[in-house]
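> My structure is below; once you've seen it, I'll send some questions.
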Amino acid sequence: MQVGQAEEAWLQRSQAILQALEGQPRPDWLNGQSEQLDVKRQAQQVFEASQAIRSNGLIMESQNPQSTITSSKPLTLLFVSFSLGESALKGIFEEAAGRDDVLLVFRGPKPGQKLPALMADLKRLLKGIDPMPNIVIDPTRFQRWSVSSVPDIVIEQNGKSKLHVRGVSSLSWLDEQIKAGKQGDLGTMGDVADIVEIDLLEEIKRRTAAIDWKQKQQQAIARFWDQQKFEVLPVAQEDRDRSVDLTITAPRDLTAPNGQLIIRAGQTVNPLDKMPFGLCLKVFDATVSAQVELIQHQSCHDKQARVMYLATSLPRQSGWDSLQRLETALQAPVYLLTPDVRSRFQLQQVPAIVEQVGNQLVVRERKLPVSTAGAKS
């Protein structure tokens with residue numbers, strides 16, 4: 001197995017177990033690289049910018065709840081850009097105000113501009129216009145109808161183009177053409193300008209393609225140990241055995257899905273009476289070679305119990321290499337001790353072994369030999 005695969009396999013395995021024990025979320029890099037999350041956030045911004053942004057006072061959809069833009073009715077898409085000039089844009093906004101059959105479409109922000117800045121520019125131009133026109137940022141429609149200059153008008157219905165004309169932004173002129181029965185591609189009927197805004201979809205694709213995912217994974221793996229919080233426990237100063245009573249008192253009736261009473265409120269129950277623990281936990285500091293050696297040769301009383309190694313700490317600088325060497329030496333997986341497990345089994349000092357004796361758990365803390373007590377791995 002390659003080193004990278006072994007690292008990820010261990011982390012996947014550890015997180016699966018520790019998440020179940022502790023309820024902690026998986027680290028971000030297992031759910032996707034931070035750069036990948038950035039790309040997702042950019043895509044989400046495109047969606048959000050196309051919705052109503054009422055908190056900023058910019059309504060980007062119809063304010064009339066009875067007037068809904070649907071694909072089954074003719075929808076006039078008027079493709080625009082800031083390259084038309086603010087005066088021309090404001091005139092288009094005023095003419096489209098109150099028209100629920102008209103959608104003004106931008107491709108994205110200007111180069112180097114963030115979406116909030118674009119929203120601010122639009123809000124400024126829309127000041128005093130009431131009701132607001134329907135405005136969206138939708139690069140997909142630019143691509144779908146091959147819009148490469150503005151103004152450009154497409155009358156869309158049921159996913160098809162009923163009428164297409166370039167170089168015209170006058171809705172009154174368009175209404176006259178419709179009344180006259182004009183359909184199809186009318187060509188270019190006036191001056192057109194280049195689109196100054198970026199294509200957000202193409203920008204997302206470009207950024208995604210530019211990411212070195214292998215390098216990012218290696219960086220994420222390296223960061224894992226730097227950011228890892230260890231549950232460090234003090235070294236045992238003497239041999240000590242402690243019992244952990246798991247008995248609980250039910251605060252209320254516990255019933256099965258079929259309504260059958262399992263435990264009555266106030267009833268005292270020891271889970272070990274119903275189900276054996278089945279594990280022998282070996283808890284140790286993996287940075288101390290003497291603890292590793294002691295725990296490796298320390299026997300569990302129940303020979304049938306499954307041994308689980310829990311490390312309170314690992315070297316940060318060589319975390320993965322140390323872990324691989326440790327698992328090879330122990331010939332078993334090694335997991336990190338979590339706060340939940342530490343609390344649940346009342347762990348206080350290491351090295352220690354936790355196993356069932358009768359209907360209780362026993363924590364056996366063991367003192368290290370004096371000559372090796374401080375030796376580091």
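FYI, nothing fancy with the structure tokens labels: chains A, B, ... in order, residues from 1 per chain, ligands from 1 as they appear.
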Excluding segment 83-87 of chain A and residues on its chain fewer than 6 positions from it, collect all residues at most 10 Å away from it, counting only C-alpha atoms, and give them as a PyMOL selection string.
chain A and resi 93+110+121-122+125+149-151+192-197
> For Val105 of chain A, which residue out of A:Met132, A:Leu337, A:Val292, A:Leu77 is the nearest one, using only C-alpha atoms?
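For Val105 of chain A, the nearest of the given residues is A:Leu77.
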> Looking only at the backbone, which of the residues in segment 124-246 of chain A does DSSP tag as strand (DSSP E or B), as a compact mmCIF listing (two decimals) with C-alpha atoms, in the first residue's frame?

# COMPACT_ATOMS: atom_id res chain seq x y z
CA ILE A 135 -32.68 40.73 -12.20
CA VAL A 136 -30.62 37.56 -12.05
CA ILE A 137 -26.97 36.61 -12.42
CA SER A 149 -22.56 40.55 -26.85
CA VAL A 150 -25.23 42.86 -25.43
CA ASP A 152 -29.43 40.51 -26.60
CA ILE A 153 -33.04 39.41 -26.28
CA VAL A 154 -34.37 35.86 -26.24
CA ILE A 155 -38.03 35.03 -25.71
CA GLU A 156 -37.89 31.67 -23.98
CA GLN A 157 -40.81 29.25 -23.65
CA LYS A 160 -37.04 26.85 -26.62
CA SER A 161 -36.41 30.21 -28.27
CA LYS A 162 -39.50 31.80 -29.83
CA LEU A 163 -37.73 34.99 -30.86
CA HIS A 164 -34.09 36.10 -30.78
CA VAL A 165 -32.76 39.56 -31.60
CA ARG A 166 -29.46 41.33 -30.95
CA GLY A 184 -37.39 33.16 -34.99
CA ASP A 185 -33.94 34.74 -35.22
CA LEU A 186 -34.29 38.38 -36.28
CA GLY A 187 -30.51 38.87 -36.42
CA THR A 188 -28.74 42.04 -35.27
CA ALA A 193 -21.12 45.87 -27.04
CA ASP A 194 -18.78 43.30 -25.57
CA VAL A 235 2.38 9.16 33.85
CA ARG A 240 -3.09 1.02 40.81
CA ASP A 241 -6.29 -0.82 39.95
CA ARG A 242 -9.56 1.09 39.97
CA SER A 243 -13.11 -0.10 39.38
CA VAL A 244 -15.49 1.81 37.14
> Name the residues of segment 77-220 of chain A that fall into helix (DSSP H, G or I) according to DSSP on the backbone, using the chain letters and numbers of this document, as a ChimeraX atom specification.
/A:82-84,86-96,115-126,139-144,171-179,200-210,213-220
> Skip Ala88 of chain A itself and residues of its chain fewer than 6 positions away, then list as a list in words all residues within 12 Å of it, counting only C-alpha atoms.
Val80, Ser81, Phe82, Glu94, Glu95, Leu125, Val150, Pro151, Val168, Ser169 and Ser170 of chain A
> Just N, CA and C atoms for this one: save the residues we selected as a PDB file, in the first residue's frame.

ATOM      1  N   VAL A  80     -27.848  41.760 -20.414  1.00  0.00           N
ATOM      2  CA  VAL A  80     -27.255  43.087 -20.281  1.00  0.00           C
ATOM      3  C   VAL A  80     -25.873  42.987 -19.642  1.00  0.00           C
ATOM      4  N   SER A  81     -25.170  44.121 -19.665  1.00  0.00           N
ATOM      5  CA  SER A  81     -23.835  44.211 -19.085  1.00  0.00           C
ATOM      6  C   SER A  81     -23.568  45.663 -18.734  1.00  0.00           C
ATOM      7  N   PHE A  82     -22.656  45.882 -17.788  1.00  0.00           N
ATOM      8  CA  PHE A  82     -22.276  47.238 -17.438  1.00  0.00           C
ATOM      9  C   PHE A  82     -21.534  47.925 -18.573  1.00  0.00           C
ATOM     10  N   GLU A  94     -35.734  50.815 -15.663  1.00  0.00           N
ATOM     11  CA  GLU A  94     -37.014  51.528 -15.517  1.00  0.00           C
ATOM     12  C   GLU A  94     -38.073  50.927 -16.428  1.00  0.00           C
ATOM     13  N   GLU A  95     -37.684  50.573 -17.672  1.00  0.00           N
ATOM     14  CA  GLU A  95     -38.669  50.026 -18.608  1.00  0.00           C
ATOM     15  C   GLU A  95     -39.105  48.618 -18.192  1.00  0.00           C
ATOM     16  N   LEU A 125     -28.026  51.729  -8.876  1.00  0.00           N
ATOM     17  CA  LEU A 125     -28.737  52.063 -10.112  1.00  0.00           C
ATOM     18  C   LEU A 125     -30.249  51.884  -9.973  1.00  0.00           C
ATOM     19  N   VAL A 150     -23.990  42.301 -25.989  1.00  0.00           N
ATOM     20  CA  VAL A 150     -25.227  42.860 -25.435  1.00  0.00           C
ATOM     21  C   VAL A 150     -25.547  44.183 -26.131  1.00  0.00           C
ATOM     22  N   PRO A 151     -26.838  44.576 -26.127  1.00  0.00           N
ATOM     23  CA  PRO A 151     -27.975  43.838 -25.585  1.00  0.00           C
ATOM     24  C   PRO A 151     -28.362  42.672 -26.488  1.00  0.00           C
ATOM     25  N   VAL A 168     -30.832  45.243 -29.553  1.00  0.00           N
ATOM     26  CA  VAL A 168     -32.057  45.946 -29.164  1.00  0.00           C
ATOM     27  C   VAL A 168     -32.308  45.727 -27.680  1.00  0.00           C
ATOM     28  N   SER A 169     -32.657  46.803 -26.983  1.00  0.00           N
ATOM     29  CA  SER A 169     -32.995  46.688 -25.562  1.00  0.00           C
ATOM     30  C   SER A 169     -34.374  47.254 -25.268  1.00  0.00           C
ATOM     31  N   SER A 170     -35.043  47.826 -26.290  1.00  0.00           N
ATOM     32  CA  SER A 170     -36.351  48.453 -26.091  1.00  0.00           C
ATOM     33  C   SER A 170     -37.442  47.386 -25.988  1.00  0.00           C
TER      34      SER A 170
END
> In terms of the shortest atom-to-atom distance over only C-alpha atoms, which of A:Asn134, A:Phe345, A:Arg107, A:Pro234 is closest to Val288 of chain A?
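Answer, going by the shortest atom-to-atom distance: A:Pro234.
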> Would you mind listing what lies within 7 Å of Asp239 of chain A as a count of residues only, with only C-alpha atoms counted and same-chain residues fewer than 5 positions away left out?
3
> Just the residues within 9 Å of Phe284 of chain A, please, counting only C-alpha atoms, with nothing from its chain fewer than 3 positions along; format it as a PDB file with all heavy atoms, in the first residue's frame.

ATOM      1  N   LEU A 233      -2.355  12.492  29.241  1.00  0.00           N
ATOM      2  CA  LEU A 233      -2.580  12.089  30.628  1.00  0.00           C
ATOM      3  C   LEU A 233      -1.234  11.973  31.345  1.00  0.00           C
ATOM      4  O   LEU A 233      -0.215  11.639  30.736  1.00  0.00           O
ATOM      5  CB  LEU A 233      -3.306  10.736  30.678  1.00  0.00           C
ATOM      6  CG  LEU A 233      -4.731  10.718  30.135  1.00  0.00           C
ATOM      7  CD1 LEU A 233      -5.255   9.291  30.090  1.00  0.00           C
ATOM      8  CD2 LEU A 233      -5.639  11.589  30.994  1.00  0.00           C
ATOM      9  N   THR A 287       4.540   8.674  22.413  1.00  0.00           N
ATOM     10  CA  THR A 287       5.822   9.381  22.303  1.00  0.00           C
ATOM     11  C   THR A 287       6.840   8.855  23.310  1.00  0.00           C
ATOM     12  O   THR A 287       7.998   9.262  23.282  1.00  0.00           O
ATOM     13  CB  THR A 287       5.635  10.898  22.524  1.00  0.00           C
ATOM     14  OG1 THR A 287       5.242  11.136  23.875  1.00  0.00           O
ATOM     15  CG2 THR A 287       4.593  11.467  21.575  1.00  0.00           C
ATOM     16  N   VAL A 288       6.402   7.984  24.219  1.00  0.00           N
ATOM     17  CA  VAL A 288       7.289   7.411  25.236  1.00  0.00           C
ATOM     18  C   VAL A 288       7.503   5.938  24.918  1.00  0.00           C
ATOM     19  O   VAL A 288       6.588   5.128  25.058  1.00  0.00           O
ATOM     20  CB  VAL A 288       6.696   7.580  26.650  1.00  0.00           C
ATOM     21  CG1 VAL A 288       7.643   6.997  27.707  1.00  0.00           C
ATOM     22  CG2 VAL A 288       6.412   9.049  26.939  1.00  0.00           C
ATOM     23  N   GLN A 291       6.484   3.269  27.445  1.00  0.00           N
ATOM     24  CA  GLN A 291       5.047   2.985  27.537  1.00  0.00           C
ATOM     25  C   GLN A 291       4.611   2.063  26.414  1.00  0.00           C
ATOM     26  O   GLN A 291       3.786   1.170  26.612  1.00  0.00           O
ATOM     27  CB  GLN A 291       4.245   4.294  27.506  1.00  0.00           C
ATOM     28  CG  GLN A 291       4.395   5.150  28.747  1.00  0.00           C
ATOM     29  CD  GLN A 291       3.283   6.175  28.887  1.00  0.00           C
ATOM     30  OE1 GLN A 291       2.157   5.950  28.436  1.00  0.00           O
ATOM     31  NE2 GLN A 291       3.590   7.305  29.518  1.00  0.00           N
ATOM     32  N   VAL A 292       5.145   2.306  25.220  1.00  0.00           N
ATOM     33  CA  VAL A 292       4.803   1.448  24.082  1.00  0.00           C
ATOM     34  C   VAL A 292       5.228   0.015  24.371  1.00  0.00           C
ATOM     35  O   VAL A 292       4.471  -0.942  24.154  1.00  0.00           O
ATOM     36  CB  VAL A 292       5.484   1.951  22.793  1.00  0.00           C
ATOM     37  CG1 VAL A 292       5.193   0.991  21.638  1.00  0.00           C
ATOM     38  CG2 VAL A 292       4.998   3.360  22.449  1.00  0.00           C
ATOM     39  N   ILE A 295       3.044  -1.544  27.295  1.00  0.00           N
ATOM     40  CA  ILE A 295       1.664  -1.851  26.911  1.00  0.00           C
ATOM     41  C   ILE A 295       1.615  -2.993  25.902  1.00  0.00           C
ATOM     42  O   ILE A 295       0.648  -3.747  25.829  1.00  0.00           O
ATOM     43  CB  ILE A 295       0.965  -0.575  26.357  1.00  0.00           C
ATOM     44  CG1 ILE A 295      -0.525  -0.596  26.686  1.00  0.00           C
ATOM     45  CG2 ILE A 295       1.169  -0.425  24.857  1.00  0.00           C
ATOM     46  CD1 ILE A 295      -0.842  -0.352  28.129  1.00  0.00           C
ATOM     47  N   TYR A 309      -5.929  -0.385  20.827  1.00  0.00           N
ATOM     48  CA  TYR A 309      -4.871   0.514  21.285  1.00  0.00           C
ATOM     49  C   TYR A 309      -5.322   1.968  21.124  1.00  0.00           C
ATOM     50  O   TYR A 309      -5.732   2.383  20.032  1.00  0.00           O
ATOM     51  CB  TYR A 309      -3.589   0.283  20.494  1.00  0.00           C
ATOM     52  CG  TYR A 309      -2.954  -1.069  20.756  1.00  0.00           C
ATOM     53  CD1 TYR A 309      -3.184  -2.153  19.911  1.00  0.00           C
ATOM     54  CD2 TYR A 309      -2.107  -1.257  21.845  1.00  0.00           C
ATOM     55  CE1 TYR A 309      -2.606  -3.393  20.151  1.00  0.00           C
ATOM     56  CE2 TYR A 309      -1.509  -2.486  22.100  1.00  0.00           C
ATOM     57  CZ  TYR A 309      -1.769  -3.551  21.244  1.00  0.00           C
ATOM     58  OH  TYR A 309      -1.184  -4.775  21.487  1.00  0.00           O
ATOM     59  N   LEU A 310      -5.211   2.741  22.218  1.00  0.00           N
ATOM     60  CA  LEU A 310      -5.579   4.159  22.210  1.00  0.00           C
ATOM     61  C   LEU A 310      -4.366   4.987  22.625  1.00  0.00           C
ATOM     62  O   LEU A 310      -3.875   4.846  23.754  1.00  0.00           O
ATOM     63  CB  LEU A 310      -6.745   4.425  23.167  1.00  0.00           C
ATOM     64  CG  LEU A 310      -8.063   3.708  22.867  1.00  0.00           C
ATOM     65  CD1 LEU A 310      -9.094   4.020  23.945  1.00  0.00           C
ATOM     66  CD2 LEU A 310      -8.596   4.119  21.507  1.00  0.00           C
ATOM     67  N   ALA A 311      -3.889   5.834  21.725  1.00  0.00           N
ATOM     68  CA  ALA A 311      -2.730   6.674  22.006  1.00  0.00           C
ATOM     69  C   ALA A 311      -3.180   8.043  22.503  1.00  0.00           C
ATOM     70  O   ALA A 311      -4.072   8.665  21.918  1.00  0.00           O
ATOM     71  CB  ALA A 311      -1.868   6.826  20.755  1.00  0.00           C
ATOM     72  N   THR A 312      -2.550   8.498  23.583  1.00  0.00           N
ATOM     73  CA  THR A 312      -2.868   9.835  24.088  1.00  0.00           C
ATOM     74  C   THR A 312      -2.115  10.905  23.321  1.00  0.00           C
ATOM     75  O   THR A 312      -2.495  12.073  23.333  1.00  0.00           O
ATOM     76  CB  THR A 312      -2.506   9.947  25.576  1.00  0.00           C
ATOM     77  OG1 THR A 312      -1.094   9.728  25.726  1.00  0.00           O
ATOM     78  CG2 THR A 312      -3.265   8.911  26.394  1.00  0.00           C
ATOM     79  N   SER A 313      -1.026  10.510  22.645  1.00  0.00           N
ATOM     80  CA  SER A 313      -0.222  11.473  21.896  1.00  0.00           C
ATOM     81  C   SER A 313       0.643  10.750  20.887  1.00  0.00           C
ATOM     82  O   SER A 313       0.995   9.576  21.069  1.00  0.00           O
ATOM     83  CB  SER A 313       0.658  12.292  22.859  1.00  0.00           C
ATOM     84  OG  SER A 313       1.416  13.252  22.156  1.00  0.00           O
ATOM     85  N   GLN A 349      -4.411   8.169  34.411  1.00  0.00           N
ATOM     86  CA  GLN A 349      -2.974   8.063  34.210  1.00  0.00           C
ATOM     87  C   GLN A 349      -2.673   6.982  33.184  1.00  0.00           C
ATOM     88  O   GLN A 349      -3.502   6.099  32.927  1.00  0.00           O
ATOM     89  CB  GLN A 349      -2.271   7.733  35.542  1.00  0.00           C
ATOM     90  CG  GLN A 349      -2.454   8.800  36.614  1.00  0.00           C
ATOM     91  CD  GLN A 349      -1.812   8.403  37.939  1.00  0.00           C
ATOM     92  OE1 GLN A 349      -1.486   7.247  38.164  1.00  0.00           O
ATOM     93  NE2 GLN A 349      -1.627   9.387  38.811  1.00  0.00           N
ATOM     94  N   VAL A 350      -1.484   7.083  32.600  1.00  0.00           N
ATOM     95  CA  VAL A 350      -1.049   6.084  31.618  1.00  0.00           C
ATOM     96  C   VAL A 350       0.364   5.607  31.956  1.00  0.00           C
ATOM     97  O   VAL A 350       1.110   6.326  32.622  1.00  0.00           O
ATOM     98  CB  VAL A 350      -1.082   6.663  30.183  1.00  0.00           C
ATOM     99  CG1 VAL A 350      -2.492   6.834  29.702  1.00  0.00           C
ATOM    100  CG2 VAL A 350      -0.293   7.971  30.093  1.00  0.00           C
ATOM    101  N   PRO A 351       0.704   4.399  31.490  1.00  0.00           N
ATOM    102  CA  PRO A 351      -0.093   3.479  30.685  1.00  0.00           C
ATOM    103  C   PRO A 351      -1.179   2.808  31.526  1.00  0.00           C
ATOM    104  O   PRO A 351      -1.030   2.653  32.735  1.00  0.00           O
ATOM    105  CB  PRO A 351       0.941   2.470  30.189  1.00  0.00           C
ATOM    106  CG  PRO A 351       2.006   2.486  31.235  1.00  0.00           C
ATOM    107  CD  PRO A 351       2.080   3.904  31.715  1.00  0.00           C
ATOM    108  N   ALA A 352      -2.276   2.421  30.850  1.00  0.00           N
ATOM    109  CA  ALA A 352      -3.388   1.801  31.556  1.00  0.00           C
ATOM    110  C   ALA A 352      -4.096   0.819  30.643  1.00  0.00           C
ATOM    111  O   ALA A 352      -4.062   0.941  29.420  1.00  0.00           O
ATOM    112  CB  ALA A 352      -4.364   2.876  32.044  1.00  0.00           C
ATOM    113  N   ILE A 353      -4.746  -0.153  31.268  1.00  0.00           N
ATOM    114  CA  ILE A 353      -5.557  -1.131  30.552  1.00  0.00           C
ATOM    115  C   ILE A 353      -6.957  -1.082  31.145  1.00  0.00           C
ATOM    116  O   ILE A 353      -7.131  -1.035  32.372  1.00  0.00           O
ATOM    117  CB  ILE A 353      -4.969  -2.552  30.681  1.00  0.00           C
ATOM    118  CG1 ILE A 353      -3.653  -2.657  29.897  1.00  0.00           C
ATOM    119  CG2 ILE A 353      -5.953  -3.601  30.181  1.00  0.00           C
ATOM    120  CD1 ILE A 353      -2.996  -4.022  29.974  1.00  0.00           C
TER     121      ILE A 353
END
> In Å, how far is it from atom CA of Arg316 of chain A to atom CA of Pro339 of chain A?
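Calculated distance between atom CA of Arg316 of chain A and atom CA of Pro339 of chain A is 18.9 Å.
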> How many Å separate atom CA of Ile178 of chain A from atom CA of Thr76 of chain A?
11.2 Å
> When distances are computed from only C-alpha atoms, which of A:Gln228, A:Ser343, A:Gln348, A:Thr247 shows the smallest separation from Pro315 of chain A?
A:Gln228
> Given only C-alpha atoms as the basis, pick out the residue of A:Val362, A:Leu261, A:Val232, A:Leu336 nearest to Cys280 of chain A.
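Of A:Val362, A:Leu261, A:Val232, A:Leu336, the one nearest Cys280 of chain A, counting only C-alpha atoms, is A:Val362.
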> Given only C-alpha atoms as the basis, pick out the residue of A:Gly319, A:Pro271, A:Gly159, A:Gly181 nearest to Asp226 of chain A.
A:Gly319
> Can you tell me how far atom CA of Leu272 of chain A sits from atom CA of Leu246 of chain A, in Å to one decimal?
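Here the two named atoms are 7.6 Å from each other.
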> Which residue gives the smallest distance to Ala97 of chain A among A:Asp130, A:Arg206, A:Ser72, A:Gln298, with only C-alpha atoms counted?
A:Asp130
